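Engineer: Here it is: the structure, laid out below.
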Amino acid sequence: MRRIYEPSAYAPQTGCYWAETVPQDHWPEHSGVQNAEVAIIGGGFTGLNAALTLAQAGRETLVLEAGTPGFGASGRNGGFCCLGGAKLPARQMARRFGAEAPHYWAQTEKAAIDHVAKLISKHEIEVDAHSRGETQLAHNARRWLEMQLEAKHFETAHALGAHLTPKKALADEGLAGPWHGALTLPIGFGLNPRKYHAGLARATATAGAELFQSSPVTAMSRDGNRWRLTTPGGEITARHVVLATNGYSSEDLPDWLRARYLPVQSSVIVTRPIPPEEQQRQGWTSDQMAYDSRRLLHYFRLMPNGRFLFGMRGGLKATSGAQAAISRKIKADFHGLFPAWRDVEITHEWSGLVCMMPGLVPFVGPVPEHGGLHAAMGFHGNGVAMGSYAGHLIAHDILGATPKGPYPAFLRQPPGRFPLGSWRRSLLAPAYMAAETLDL
Ligand SMILES: Cc1cc2nc3c(=O)[nH]c(=O)nc-3n(C[C@H](O)[C@H](O)[C@H](O)COP(=O)(O)OP(=O)(O)OC[C@H]3O[C@@H](n4cnc5c(N)ncnc54)[C@H](O)[C@@H]3O)c2cc1C
């Protein structure tokens with residue numbers, strides 16, 4: 001497994017709040033020689049959703065996870081089950097993929113949230129859900145003007161009733177802060193990602209899939225019309241293989257993947273529970289999941305137990321020095337936006353890898369010239385809903401079935417390569433600097 005970050009980015013996580021909220025799942029380690037119809041590499045939301053759909057259709061399916069259950073981004077995200085998954089602006093999407101593409105993509109985003117909501121309800125997964133959709137806060141006057149136009153667009157183009165809150169009404173809605181106004185879209189909800197992951201794993205195992213932890217695939221090769229996967233404990237042959245490794249992908253599994261994805265670090269802090277009187281002092285009493293309108297955005301939500309979660313981009317490197325610097329920055333940004341909580345203890349702090357793609361849209365489809373190999377990846381930091389849905393879609397490809405929901409053809413276009421090969425994350429420093437300037 002050749003990866004582009006320092007080893008600590010791939011080490012077991014510490015400091016993650018979610019780990020304390022759910023007993024750690026244990027799956028067996030893979031050993032011996034085994035045949036399966038489908039082998040899925042990666043046991044996050046994407047891999048488990050693919051496995052669940054396949055197992056429910058009666059396919060012999062197994063999931064190979066390198067770490068413990070929930071090791072990757074699925075076990076350590078902000079829990080925003082929200083719109084998103086691509087970073088390509090609508091106008092460019094229309095130019096590249098046709099005039100209807102942005103509309104079809106918007107339907108896909110909605111379908112992804114619906115998909116997760118239905119799973120949670122069907123499998124009775126208790127996820128501490130809250131928030132009526134998502135609220136975007138304008139960090140400057142220009143963005144507030146744009147938001148008012150966007151609100152009209154959401155109503156006319158997507159039939160999504162958007163709610164605008166002008167600056168003077170923010171405090172009444174418990175959203176006080178240095179914002180110029182807010183736009184709320186009534187779709188999406190906050191969840192505890194570990195609880196969702198654990199419930200999903202239970203449902204997947206019950207449907208008949210085999211789940212293995214501590215079983216990294218260290219090599220893969222084609223053997224006739226089957227794939228041969230090597231793990232430390234043995235070997236698997238499978239007709240179909242799904243890459244569901246997202247930000248934790250390797251350059252050489254398979255070689256085709258080299259430089260076609262860019263892992264990017266994201267950081268989160270969580271405070272101790274903040275009682276109602278302290279919430280009043282800051283003027284933030286809303287349980288809406290919220291984010292500001294910066295390109296390098298801050299995302300935050302007051303959870304049902306009163307703890308406050310606050311996230312933003314992570315460090316450029318995973319060295320201890322870079323992590324210390326990003327730790328100072330996330331705390332400074334949190335205190336800058338929520339000054340009355342300056343003395344509120346931050347009890348948890350962690351980071352993880354999200355995945356960008358060169359074309360700024362996810363890739364969900366067959367890997368070219370690799371018969372039987374499929375991938376679902378590249379959710380640009382919004383994969384709670386979209387990763388789940390992408391796993392479900394890729395399972396339909398394998399089943400040769402048409403999914404009930406939308407599956408835009410452009411998701412199946414294989415990604416190109418980032419410039420600079422294994423040095424490509426150095427593209428992030430100038431990109432962050434440019435974004436910071438534009439965010440002023
Ligand atoms: C800090 C943070 C905050 C985030 N917040 C949000 C949010 O609020 N809302 C949102 O929508 N999205 C958020 N995201 C993104 C979201 O978590 C991801 O898009 C989503 O979890 C991706 O799921 P996945 O299953 O594709 O990948 P992952 O959950 O990353 O799983 C990939 C798995 O593949 C495994 N793997 C890799 N290589 C191998 C191998 N060779 N063999 C076996 N296994 C392997 C890894 O161990 C890993 O567990 C956040 C991400 C981070 C890091």
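Letters A, B, ... go to the chains of the structure tokens in the order shown; residues in each chain start at 1; ligands are counted from 1 in the same order.
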How would you write, as a compact mmCIF listing (two decimals) with C-alpha atoms, in the first residue's frame, the set of residues in segment 95-316 of chain A that DSSP gives as helix (DSSP H, G or I)?
Structural biologist:
# COMPACT_ATOMS: atom_id res chain seq x y z
CA ARG A 95 -20.78 23.08 -19.79
CA ARG A 96 -19.00 19.77 -19.30
CA PHE A 97 -21.88 17.36 -18.97
CA ALA A 101 -26.56 17.87 -15.48
CA PRO A 102 -26.81 20.33 -12.53
CA HIS A 103 -30.50 19.57 -12.13
CA TYR A 104 -29.92 15.81 -12.26
CA TRP A 105 -27.05 16.17 -9.80
CA ALA A 106 -29.27 18.14 -7.38
CA GLN A 107 -31.78 15.28 -7.54
CA THR A 108 -28.95 12.83 -6.81
CA GLU A 109 -27.91 14.83 -3.74
CA LYS A 110 -31.47 14.72 -2.43
CA ALA A 111 -31.78 11.01 -3.24
CA ALA A 112 -28.59 10.35 -1.24
CA ILE A 113 -30.04 11.94 1.91
CA ASP A 114 -33.32 10.07 1.42
CA HIS A 115 -31.38 6.85 1.02
CA VAL A 116 -29.67 7.27 4.41
CA ALA A 117 -32.90 8.38 6.12
CA LYS A 118 -34.67 5.27 4.82
CA LEU A 119 -31.83 2.96 5.89
CA ILE A 120 -31.85 4.39 9.39
CA SER A 121 -35.58 3.99 9.66
CA LYS A 122 -35.76 0.53 8.06
CA ALA A 141 -22.19 41.15 2.74
CA ARG A 142 -21.46 39.95 -0.79
CA ARG A 143 -22.27 36.34 0.08
CA TRP A 144 -25.49 37.47 1.73
CA LEU A 145 -26.56 39.15 -1.51
CA GLU A 146 -25.70 36.01 -3.46
CA MET A 147 -27.58 33.84 -0.99
CA GLN A 148 -30.77 35.79 -1.55
CA LEU A 149 -30.52 35.03 -5.28
CA GLU A 150 -29.66 31.40 -4.57
CA ALA A 151 -32.76 31.08 -2.38
CA LYS A 152 -34.92 31.98 -5.39
CA HIS A 153 -33.00 29.51 -7.53
CA PHE A 154 -33.57 26.69 -5.02
CA GLU A 155 -37.29 27.41 -5.07
CA THR A 156 -37.70 27.61 -8.84
CA ALA A 157 -35.15 25.10 -10.11
CA HIS A 158 -35.24 22.49 -7.36
CA LYS A 167 -29.01 39.63 10.08
CA LYS A 168 -31.40 41.29 12.52
CA ALA A 169 -33.42 38.06 12.96
CA ALA A 171 -30.46 36.07 17.29
CA ASP A 172 -34.20 35.27 17.42
CA GLU A 173 -33.46 31.97 15.70
CA PRO A 193 -21.65 8.71 12.32
CA ARG A 194 -20.37 5.86 14.48
CA LYS A 195 -23.89 4.88 15.43
CA TYR A 196 -24.91 4.96 11.78
CA HIS A 197 -21.82 2.92 10.85
CA ALA A 198 -22.39 0.32 13.57
CA GLY A 199 -26.08 -0.06 12.66
CA LEU A 200 -25.24 -0.32 8.99
CA ALA A 201 -22.63 -2.99 9.69
CA ARG A 202 -25.19 -4.96 11.70
CA ALA A 203 -27.73 -4.77 8.89
CA THR A 204 -25.08 -5.76 6.32
CA ALA A 205 -23.97 -8.80 8.32
CA THR A 206 -27.59 -9.80 8.93
CA ASN A 246 -11.80 7.00 -0.73
CA GLY A 247 -9.22 9.21 1.09
CA TYR A 248 -7.42 6.11 2.40
CA ASP A 255 -1.62 0.98 -10.18
CA TRP A 256 -4.39 2.54 -12.27
CA LEU A 257 -5.39 4.63 -9.23
CA PRO A 276 -28.55 26.35 28.10
CA GLU A 277 -27.47 29.49 30.03
CA GLU A 278 -24.00 29.36 28.44
CA GLN A 279 -25.60 28.81 25.04
CA GLN A 280 -27.71 31.95 25.65
CA ARG A 281 -24.59 33.93 26.52
CA GLN A 282 -23.17 33.19 23.06
Engineer: Find the spatial neighbours of segment 224-233 of chain A, counting only C-alpha atoms, within a cut-off of 12 Å - ignore same-chain residues fewer than 3 positions away - and output them as a VMD selection string.
Structural biologist: chain A and resid 1 28 to 41 62 to 66 212 to 221 236 to 243 253 to 254 370 to 374
Engineer: Would you save the residues of that selection, restricted to C-alpha atoms, as a compact mmCIF listing (two decimals), in the first residue's frame?
Structural biologist:
# COMPACT_ATOMS: atom_id res chain seq x y z
CA MET A 1 0.00 0.00 0.00
CA PRO A 28 -13.05 -11.28 12.49
CA GLU A 29 -9.74 -11.05 10.65
CA HIS A 30 -9.65 -12.66 7.25
CA SER A 31 -7.66 -15.89 7.03
CA GLY A 32 -7.29 -18.75 4.62
CA VAL A 33 -8.31 -19.09 1.00
CA GLN A 34 -11.79 -17.96 0.09
CA ASN A 35 -13.93 -17.42 -2.99
CA ALA A 36 -16.64 -14.82 -3.25
CA GLU A 37 -18.73 -13.28 -5.94
CA VAL A 38 -17.91 -9.76 -4.78
CA ALA A 39 -15.07 -8.53 -2.58
CA ILE A 40 -15.27 -4.97 -1.33
CA ILE A 41 -12.11 -3.17 -0.26
CA LEU A 62 -17.34 -9.91 1.68
CA VAL A 63 -15.86 -6.67 2.97
CA LEU A 64 -12.16 -6.30 3.72
CA GLU A 65 -11.28 -3.44 6.05
CA ALA A 66 -7.65 -2.59 6.78
CA PHE A 212 -13.43 -8.62 8.06
CA GLN A 213 -11.34 -6.12 9.99
CA SER A 214 -7.53 -5.77 10.26
CA SER A 215 -7.45 -7.32 6.80
CA PRO A 216 -5.71 -4.91 4.44
CA VAL A 217 -5.60 -5.94 0.82
CA THR A 218 -1.89 -5.70 0.12
CA ALA A 219 -1.88 -6.89 -3.49
CA MET A 220 -4.37 -7.53 -6.26
CA SER A 221 -3.99 -9.23 -9.60
CA ILE A 236 -9.57 -14.19 -1.83
CA THR A 237 -10.69 -14.72 -5.37
CA ALA A 238 -13.72 -12.80 -6.56
CA ARG A 239 -15.49 -12.09 -9.83
CA HIS A 240 -16.09 -8.48 -8.88
CA VAL A 241 -14.06 -6.14 -6.69
CA VAL A 242 -15.19 -2.76 -5.43
CA LEU A 243 -12.69 -0.08 -4.42
CA LEU A 253 -4.10 -0.77 -5.39
CA PRO A 254 -4.37 -0.95 -8.29
CA HIS A 370 -9.93 -3.79 -15.48
CA GLY A 371 -12.81 -6.21 -16.07
CA GLY A 372 -14.82 -6.77 -12.90
CA LEU A 373 -13.21 -3.90 -11.00
CA HIS A 374 -15.46 -1.05 -9.82
Engineer: Kindly indicate which residue among A:Phe45, A:Trp341, A:Phe418, A:Tyr389 lies nearest to ligand 1, using only C-alpha atoms and all ligand atoms for the distances.
Structural biologist: A:Phe45
Engineer: Of the residues A:Gln56, A:Thr68, A:Gln413, A:Gln92, which is the one nearest to ligand 1, using only C-alpha atoms and all ligand atoms?
Structural biologist: A:Thr68
Engineer: Would you please work out which residue, of A:Arg342, A:Arg3, A:Arg307, A:Arg59, is nearest to ligand 1 when using only C-alpha atoms and all ligand atoms?
Structural biologist: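 The answer is A:Arg3, which sits nearest to ligand 1.
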Engineer: Which one of A:Gly405, A:Pro415, A:Gly208, A:Gly72 sits closest to ligand 1 if you count only C-alpha atoms and all ligand atoms?
Structural biologist: A:Gly72
Engineer: Can you pull out every residue from segment 20-220 of chain A that DSSP, working from the backbone, puts in strand (DSSP E or B), and format the result as a short mmCIF file (atom, residue, chain, number, x, y, z; two decimals) with C-alpha atoms, in the first residue's frame?
Structural biologist:
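Saved file result.cif follows:
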data_model
loop_
_atom_site.label_atom_id
_atom_site.label_comp_id
_atom_site.auth_asym_id
_atom_site.auth_seq_id
_atom_site.Cartn_x
_atom_site.Cartn_y
_atom_site.Cartn_z
CA GLU A 29 -9.74 -11.05 10.65
CA GLY A 32 -7.29 -18.75 4.62
CA VAL A 33 -8.31 -19.09 1.00
CA GLN A 34 -11.79 -17.96 0.09
CA ASN A 35 -13.93 -17.42 -2.99
CA ALA A 36 -16.64 -14.82 -3.25
CA GLU A 37 -18.73 -13.28 -5.94
CA VAL A 38 -17.91 -9.76 -4.78
CA ALA A 39 -15.07 -8.53 -2.58
CA ILE A 40 -15.27 -4.97 -1.33
CA ILE A 41 -12.11 -3.17 -0.26
CA THR A 61 -20.20 -10.67 -0.67
CA LEU A 62 -17.34 -9.91 1.68
CA VAL A 63 -15.86 -6.67 2.97
CA LEU A 64 -12.16 -6.30 3.72
CA PHE A 80 -23.63 16.19 8.53
CA CYS A 81 -25.93 14.02 6.43
CA HIS A 130 -31.34 16.41 14.84
CA GLU A 134 -28.84 22.78 6.88
CA THR A 135 -28.17 26.45 7.47
CA GLN A 136 -25.51 28.39 5.61
CA LEU A 137 -24.30 31.59 7.28
CA HIS A 163 -35.73 30.03 4.26
CA LEU A 164 -33.80 33.31 4.50
CA THR A 165 -32.94 34.87 7.85
CA PRO A 166 -31.72 38.47 7.70
CA LEU A 175 -28.00 31.77 15.33
CA GLY A 181 -27.71 36.55 7.21
CA ALA A 182 -28.53 32.86 6.76
CA LEU A 183 -30.04 30.52 4.20
CA THR A 184 -31.71 27.34 5.43
CA LEU A 185 -32.54 24.46 3.13
CA PHE A 189 -29.96 16.13 9.27
CA GLY A 190 -27.15 15.66 11.75
CA GLU A 210 -19.04 -11.30 5.67
CA LEU A 211 -17.15 -8.41 7.27
CA PHE A 212 -13.43 -8.62 8.06
CA GLN A 213 -11.34 -6.12 9.99
CA ALA A 219 -1.88 -6.89 -3.49
CA MET A 220 -4.37 -7.53 -6.26
#
Engineer: For Ala50 of chain A, work out the shell of residues within 7 Å, counting only C-alpha atoms and skipping chain neighbours fewer than 2 positions away, then give it as a PyMOL selection string.
Structural biologist: chain A and resi 46-48+52-54+391-392+394-395
Engineer: Output N, CA and C atoms for every residue in that selection, as a compact mmCIF listing (two decimals), in the first residue's frame.
Structural biologist:
# COMPACT_ATOMS: atom_id res chain seq x y z
N THR A 46 -19.39 3.67 2.19
CA THR A 46 -19.50 3.27 0.78
C THR A 46 -19.45 1.76 0.65
N GLY A 47 -18.41 1.16 1.26
CA GLY A 47 -18.25 -0.29 1.16
C GLY A 47 -19.42 -1.03 1.79
N LEU A 48 -19.87 -0.56 2.95
CA LEU A 48 -20.97 -1.27 3.63
C LEU A 48 -22.28 -1.12 2.86
N LEU A 52 -24.35 -4.20 1.57
CA LEU A 52 -25.73 -4.42 2.01
C LEU A 52 -26.64 -4.67 0.80
N THR A 53 -26.52 -3.82 -0.21
CA THR A 53 -27.38 -3.96 -1.40
C THR A 53 -27.11 -5.30 -2.09
N LEU A 54 -25.84 -5.67 -2.19
CA LEU A 54 -25.49 -6.93 -2.87
C LEU A 54 -25.96 -8.14 -2.07
N GLY A 391 -22.29 3.77 -2.84
CA GLY A 391 -22.11 2.33 -2.59
C GLY A 391 -23.32 1.55 -3.11
N HIS A 392 -24.49 2.11 -2.85
CA HIS A 392 -25.73 1.48 -3.30
C HIS A 392 -25.77 1.45 -4.84
N ILE A 394 -23.16 1.50 -6.98
CA ILE A 394 -22.16 0.62 -7.58
C ILE A 394 -22.62 -0.84 -7.46
N ALA A 395 -23.36 -1.13 -6.40
CA ALA A 395 -23.91 -2.48 -6.26
C ALA A 395 -24.87 -2.77 -7.41
Engineer: Can you tell me how far atom CA of Glu100 of chain A sits from atom CA of Arg417 of chain A, in Å to one decimal?
Structural biologist: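 Pair atom CA of Glu100 of chain A / atom CA of Arg417 of chain A returns 26.1 Å.
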